[in-house]
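Structure first, then comments.
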Amino acid sequence: MKYSRVCLHSFGYELPPNIVTSADLEQQLSSVYRRLKLPEGRLELMSGIRSRRFWNPETLPSEGAILAGRKALLASGLTASDIDFMVFTSVSRDMMEPATASFVHHGLGLGSRCQIFDISNACLGFLNGMLMLANMIELGQVRHGLIVASETAEDLVCSTIEKLQADETLTRKTIKPAFASLTIGSGAVALVMGSKKVKDTGHRLVGGSWRANTRHSDLCHGGQQQETQGTLMTTDSE
């Protein structure tokens with residue numbers, strides 16, 4: 001796809017207030033590390049991740065998205081009534097139904113003529129949202145749109161630690177699929193995009209492309225686990 005009318009207006013982001021280091025997580029797993037003879041510092045050494053951010057307890061994905069969305073709108077100089085389209089693009093969501101976009105729409109005070117829905121596509125969701133919005137702007141269906149995302153990693157990380165602590169059969173080999181789950185963090189971001197005909201910001205989205213290779217859809221699986229009442233993820237990180 002090539003675009004001639006699509007402008008990027010402004011980003012907004014919200015960092016969660018709590019900093020959790022990789023050393024903090026390893027401390028919680030100290031008994032597992034001792035039993036498996038794993039060296040301290042392994043998590044940061046292998047991932048390069050020294051710390052990540054976590055929200056306060058009970059924070060919903062929509063709450064982070066609303067905070068980031070407000071910042072993006074303020075930076076753009078637009079008002080809530082200017083937004084014709086809004087899409088929520090995170091893995092995390094408030095609940096199965098309704099769409100998390102509906103809570104963000106209400107929290108931002110967007111108008112009744114603003115089309116909303118969720119896009120779920122793992123780490124690619126935000127980019128999918130950009131192309132979806134760009135197509136609508138290029139066709140003249142939308143003047144201004146807003147893309148939001150907000151991830152809540154707390155449940156995944158906590159559930160992973162609890163599972164590893166409780167698994168007496170764990171080995172250095174079987175712990176590997178849980179490794180990537182300990183690198184996840186939280187945060188929120190938003191982006192306003194609009195028609196060049198309405199306002200030329202000087203920052204253009206000139207095109208986009210996509211490919212799919214679903215042979216690799218087994219590399220990472222995550223979701224709610226009934227037996228633990230929490231979120232777990234297995235990843236072939238190698």
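Letters A, B, ... go to the chains of the structure tokens in the order shown; residues in each chain start at 1; ligands are counted from 1 in the same order.
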
Write out as a Markdown table a residue-level contact list of segment 15-36 of chain A versus segment 188-196 of chain A with cut-off 12 Å: for each qualifying residue the closest pair of atoms and the distance in Å to one decimal, counting only C-alpha atoms, rows sorted by chain and residue number upward.
```
| residue | atom | partner | partner_atom | distance |
| --- | --- | --- | --- | --- |
| A:Leu15 | CA | A:Ala188 | CA | 6.8 |
| A:Pro16 | CA | A:Ala188 | CA | 8.2 |
| A:Pro17 | CA | A:Ala188 | CA | 11.9 |
```

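Nearest to Ala153 of chain A of all the residues A:Thr59, A:Thr100, A:Ser217, A:Thr79 is A:Thr59, based on only C-alpha atoms.
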
Mind the document's chain letters and residue numbers, and return as a PDB file with N, CA, C and O atoms, in the first residue's frame the residues of segment 99-224 of chain A that DSSP labels strand (DSSP E or B).
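Saved result, out25.pdb, follows:
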```pdb
ATOM      1  N   GLN A 115     -16.324   5.454  15.047  1.00  0.00           N
ATOM      2  CA  GLN A 115     -16.335   3.997  14.931  1.00  0.00           C
ATOM      3  C   GLN A 115     -15.245   3.400  15.822  1.00  0.00           C
ATOM      4  O   GLN A 115     -14.122   3.910  15.867  1.00  0.00           O
ATOM      5  N   ILE A 116     -15.560   2.314  16.514  1.00  0.00           N
ATOM      6  CA  ILE A 116     -14.598   1.691  17.423  1.00  0.00           C
ATOM      7  C   ILE A 116     -14.636   0.177  17.310  1.00  0.00           C
ATOM      8  O   ILE A 116     -15.665  -0.412  17.010  1.00  0.00           O
ATOM      9  N   PHE A 117     -13.493  -0.452  17.555  1.00  0.00           N
ATOM     10  CA  PHE A 117     -13.411  -1.894  17.733  1.00  0.00           C
ATOM     11  C   PHE A 117     -12.009  -2.251  18.196  1.00  0.00           C
ATOM     12  O   PHE A 117     -11.117  -1.396  18.254  1.00  0.00           O
ATOM     13  N   ASP A 118     -11.804  -3.530  18.549  1.00  0.00           N
ATOM     14  CA  ASP A 118     -10.492  -4.041  18.957  1.00  0.00           C
ATOM     15  C   ASP A 118      -9.843  -4.781  17.798  1.00  0.00           C
ATOM     16  O   ASP A 118     -10.522  -5.431  16.992  1.00  0.00           O
ATOM     17  N   ASN A 121      -3.695  -8.997  17.544  1.00  0.00           N
ATOM     18  CA  ASN A 121      -2.729  -9.718  16.713  1.00  0.00           C
ATOM     19  C   ASN A 121      -1.357  -9.717  17.370  1.00  0.00           C
ATOM     20  O   ASN A 121      -0.362  -9.344  16.756  1.00  0.00           O
ATOM     21  N   CYS A 123       2.009  -8.974  19.073  1.00  0.00           N
ATOM     22  CA  CYS A 123       2.854  -7.769  19.081  1.00  0.00           C
ATOM     23  C   CYS A 123       2.652  -6.890  17.852  1.00  0.00           C
ATOM     24  O   CYS A 123       3.171  -5.772  17.807  1.00  0.00           O
ATOM     25  N   HIS A 144      -9.761  12.138  11.120  1.00  0.00           N
ATOM     26  CA  HIS A 144      -8.763  11.894  12.158  1.00  0.00           C
ATOM     27  C   HIS A 144      -9.119  10.607  12.901  1.00  0.00           C
ATOM     28  O   HIS A 144     -10.296  10.333  13.137  1.00  0.00           O
ATOM     29  N   GLY A 145      -8.100   9.858  13.268  1.00  0.00           N
ATOM     30  CA  GLY A 145      -8.319   8.629  14.019  1.00  0.00           C
ATOM     31  C   GLY A 145      -7.283   8.472  15.114  1.00  0.00           C
ATOM     32  O   GLY A 145      -6.241   9.137  15.122  1.00  0.00           O
ATOM     33  N   LEU A 146      -7.577   7.572  16.045  1.00  0.00           N
ATOM     34  CA  LEU A 146      -6.724   7.343  17.206  1.00  0.00           C
ATOM     35  C   LEU A 146      -6.499   5.851  17.390  1.00  0.00           C
ATOM     36  O   LEU A 146      -7.449   5.069  17.392  1.00  0.00           O
ATOM     37  N   ILE A 147      -5.239   5.471  17.549  1.00  0.00           N
ATOM     38  CA  ILE A 147      -4.875   4.086  17.837  1.00  0.00           C
ATOM     39  C   ILE A 147      -4.330   4.040  19.257  1.00  0.00           C
ATOM     40  O   ILE A 147      -3.479   4.867  19.615  1.00  0.00           O
ATOM     41  N   VAL A 148      -4.798   3.090  20.062  1.00  0.00           N
ATOM     42  CA  VAL A 148      -4.320   2.973  21.441  1.00  0.00           C
ATOM     43  C   VAL A 148      -3.934   1.534  21.744  1.00  0.00           C
ATOM     44  O   VAL A 148      -4.455   0.593  21.136  1.00  0.00           O
ATOM     45  N   ALA A 149      -3.005   1.388  22.685  1.00  0.00           N
ATOM     46  CA  ALA A 149      -2.613   0.062  23.163  1.00  0.00           C
ATOM     47  C   ALA A 149      -2.184   0.193  24.615  1.00  0.00           C
ATOM     48  O   ALA A 149      -1.584   1.196  25.001  1.00  0.00           O
ATOM     49  N   SER A 150      -2.503  -0.819  25.407  1.00  0.00           N
ATOM     50  CA  SER A 150      -2.097  -0.824  26.807  1.00  0.00           C
ATOM     51  C   SER A 150      -1.983  -2.261  27.289  1.00  0.00           C
ATOM     52  O   SER A 150      -2.966  -2.994  27.298  1.00  0.00           O
ATOM     53  N   GLU A 151      -0.777  -2.648  27.652  1.00  0.00           N
ATOM     54  CA  GLU A 151      -0.544  -4.016  28.102  1.00  0.00           C
ATOM     55  C   GLU A 151      -0.402  -4.082  29.625  1.00  0.00           C
ATOM     56  O   GLU A 151       0.183  -3.188  30.249  1.00  0.00           O
ATOM     57  N   GLY A 187       2.752  -1.158  29.845  1.00  0.00           N
ATOM     58  CA  GLY A 187       2.858   0.203  29.327  1.00  0.00           C
ATOM     59  C   GLY A 187       1.702   0.517  28.396  1.00  0.00           C
ATOM     60  O   GLY A 187       0.932  -0.377  28.035  1.00  0.00           O
ATOM     61  N   ALA A 188       1.582   1.784  28.034  1.00  0.00           N
ATOM     62  CA  ALA A 188       0.495   2.213  27.148  1.00  0.00           C
ATOM     63  C   ALA A 188       0.997   3.256  26.167  1.00  0.00           C
ATOM     64  O   ALA A 188       1.873   4.069  26.497  1.00  0.00           O
ATOM     65  N   VAL A 189       0.442   3.237  24.964  1.00  0.00           N
ATOM     66  CA  VAL A 189       0.831   4.190  23.926  1.00  0.00           C
ATOM     67  C   VAL A 189      -0.372   4.519  23.067  1.00  0.00           C
ATOM     68  O   VAL A 189      -1.333   3.736  22.981  1.00  0.00           O
ATOM     69  N   ALA A 190      -0.354   5.683  22.447  1.00  0.00           N
ATOM     70  CA  ALA A 190      -1.439   6.111  21.558  1.00  0.00           C
ATOM     71  C   ALA A 190      -0.853   6.945  20.424  1.00  0.00           C
ATOM     72  O   ALA A 190       0.199   7.564  20.575  1.00  0.00           O
ATOM     73  N   LEU A 191      -1.552   6.953  19.310  1.00  0.00           N
ATOM     74  CA  LEU A 191      -1.122   7.727  18.142  1.00  0.00           C
ATOM     75  C   LEU A 191      -2.332   8.318  17.441  1.00  0.00           C
ATOM     76  O   LEU A 191      -3.305   7.611  17.172  1.00  0.00           O
ATOM     77  N   VAL A 192      -2.262   9.613  17.159  1.00  0.00           N
ATOM     78  CA  VAL A 192      -3.278  10.288  16.356  1.00  0.00           C
ATOM     79  C   VAL A 192      -2.773  10.388  14.922  1.00  0.00           C
ATOM     80  O   VAL A 192      -1.633  10.793  14.678  1.00  0.00           O
ATOM     81  N   MET A 193      -3.615   9.984  13.982  1.00  0.00           N
ATOM     82  CA  MET A 193      -3.315  10.111  12.560  1.00  0.00           C
ATOM     83  C   MET A 193      -4.461  10.856  11.893  1.00  0.00           C
ATOM     84  O   MET A 193      -5.597  10.820  12.379  1.00  0.00           O
ATOM     85  N   GLY A 194      -4.166  11.532  10.797  1.00  0.00           N
ATOM     86  CA  GLY A 194      -5.214  12.308  10.153  1.00  0.00           C
ATOM     87  C   GLY A 194      -4.965  12.537   8.677  1.00  0.00           C
ATOM     88  O   GLY A 194      -3.921  12.161   8.131  1.00  0.00           O
ATOM     89  N   SER A 195      -5.940  13.178   8.045  1.00  0.00           N
ATOM     90  CA  SER A 195      -5.874  13.459   6.619  1.00  0.00           C
ATOM     91  C   SER A 195      -5.003  14.684   6.339  1.00  0.00           C
ATOM     92  O   SER A 195      -5.140  15.725   6.998  1.00  0.00           O
ATOM     93  N   ARG A 204       4.525  12.213   7.270  1.00  0.00           N
ATOM     94  CA  ARG A 204       3.643  11.379   6.460  1.00  0.00           C
ATOM     95  C   ARG A 204       3.876   9.898   6.708  1.00  0.00           C
ATOM     96  O   ARG A 204       4.995   9.467   6.933  1.00  0.00           O
ATOM     97  N   GLY A 207       3.580   4.509   3.294  1.00  0.00           N
ATOM     98  CA  GLY A 207       3.194   3.198   2.794  1.00  0.00           C
ATOM     99  C   GLY A 207       3.303   2.127   3.856  1.00  0.00           C
ATOM    100  O   GLY A 207       3.725   2.381   4.988  1.00  0.00           O
ATOM    101  N   CYS A 220       4.804 -19.357  20.220  1.00  0.00           N
ATOM    102  CA  CYS A 220       4.423 -18.727  21.480  1.00  0.00           C
ATOM    103  C   CYS A 220       2.922 -18.841  21.676  1.00  0.00           C
ATOM    104  O   CYS A 220       2.160 -18.347  20.838  1.00  0.00           O
ATOM    105  N   HIS A 221       2.505 -19.489  22.764  1.00  0.00           N
ATOM    106  CA  HIS A 221       1.087 -19.647  23.088  1.00  0.00           C
ATOM    107  C   HIS A 221       0.836 -19.079  24.474  1.00  0.00           C
ATOM    108  O   HIS A 221       1.570 -19.381  25.421  1.00  0.00           O
ATOM    109  N   GLY A 222      -0.196 -18.261  24.614  1.00  0.00           N
ATOM    110  CA  GLY A 222      -0.504 -17.694  25.919  1.00  0.00           C
ATOM    111  C   GLY A 222      -2.000 -17.523  26.110  1.00  0.00           C
ATOM    112  O   GLY A 222      -2.747 -17.385  25.140  1.00  0.00           O
ATOM    113  N   GLY A 223      -2.430 -17.522  27.369  1.00  0.00           N
ATOM    114  CA  GLY A 223      -3.844 -17.313  27.656  1.00  0.00           C
ATOM    115  C   GLY A 223      -4.176 -17.676  29.081  1.00  0.00           C
ATOM    116  O   GLY A 223      -3.301 -18.039  29.877  1.00  0.00           O
ATOM    117  N   GLN A 224      -5.459 -17.581  29.407  1.00  0.00           N
ATOM    118  CA  GLN A 224      -5.935 -17.920  30.739  1.00  0.00           C
ATOM    119  C   GLN A 224      -5.887 -19.428  30.941  1.00  0.00           C
ATOM    120  O   GLN A 224      -6.282 -20.194  30.075  1.00  0.00           O
TER     121      GLN A 224
END
```

Calculate how many Å separate atom CA of Val20 of chain A from atom CA of Asp167 of chain A, rounding to one decimal.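 We find that atom CA of Val20 of chain A and atom CA of Asp167 of chain A lie 23.6 Å from each other.
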
Give the helix (DSSP H, G or I) residues of segment 27-219 of chain A, as assigned by DSSP on the backbone, as a ChimeraX atom specification. /A:27-28,30-36,42-47,61-76,80-82,100-108,125-138,154-166,176-183,214-216

My list of candidates is A:Gly140, A:Pro98, A:Gly185, A:Pro39. Which is closest to Arg52 of chain A when distances are computed with only C-alpha atoms? A:Gly185

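Interatomic distance, atom CA of Ile83 of chain A to atom CA of Lys71 of chain A: 14.1 Å.
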
Separation of atom CA of Arg113 of chain A and atom CA of Gly125 of chain A, in Å? 23.4 Å

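Residue nearest Glu26 of chain A, chosen from A:Leu232, A:Leu164, A:Val87, A:Ala65 and counting only C-alpha atoms: A:Leu164.
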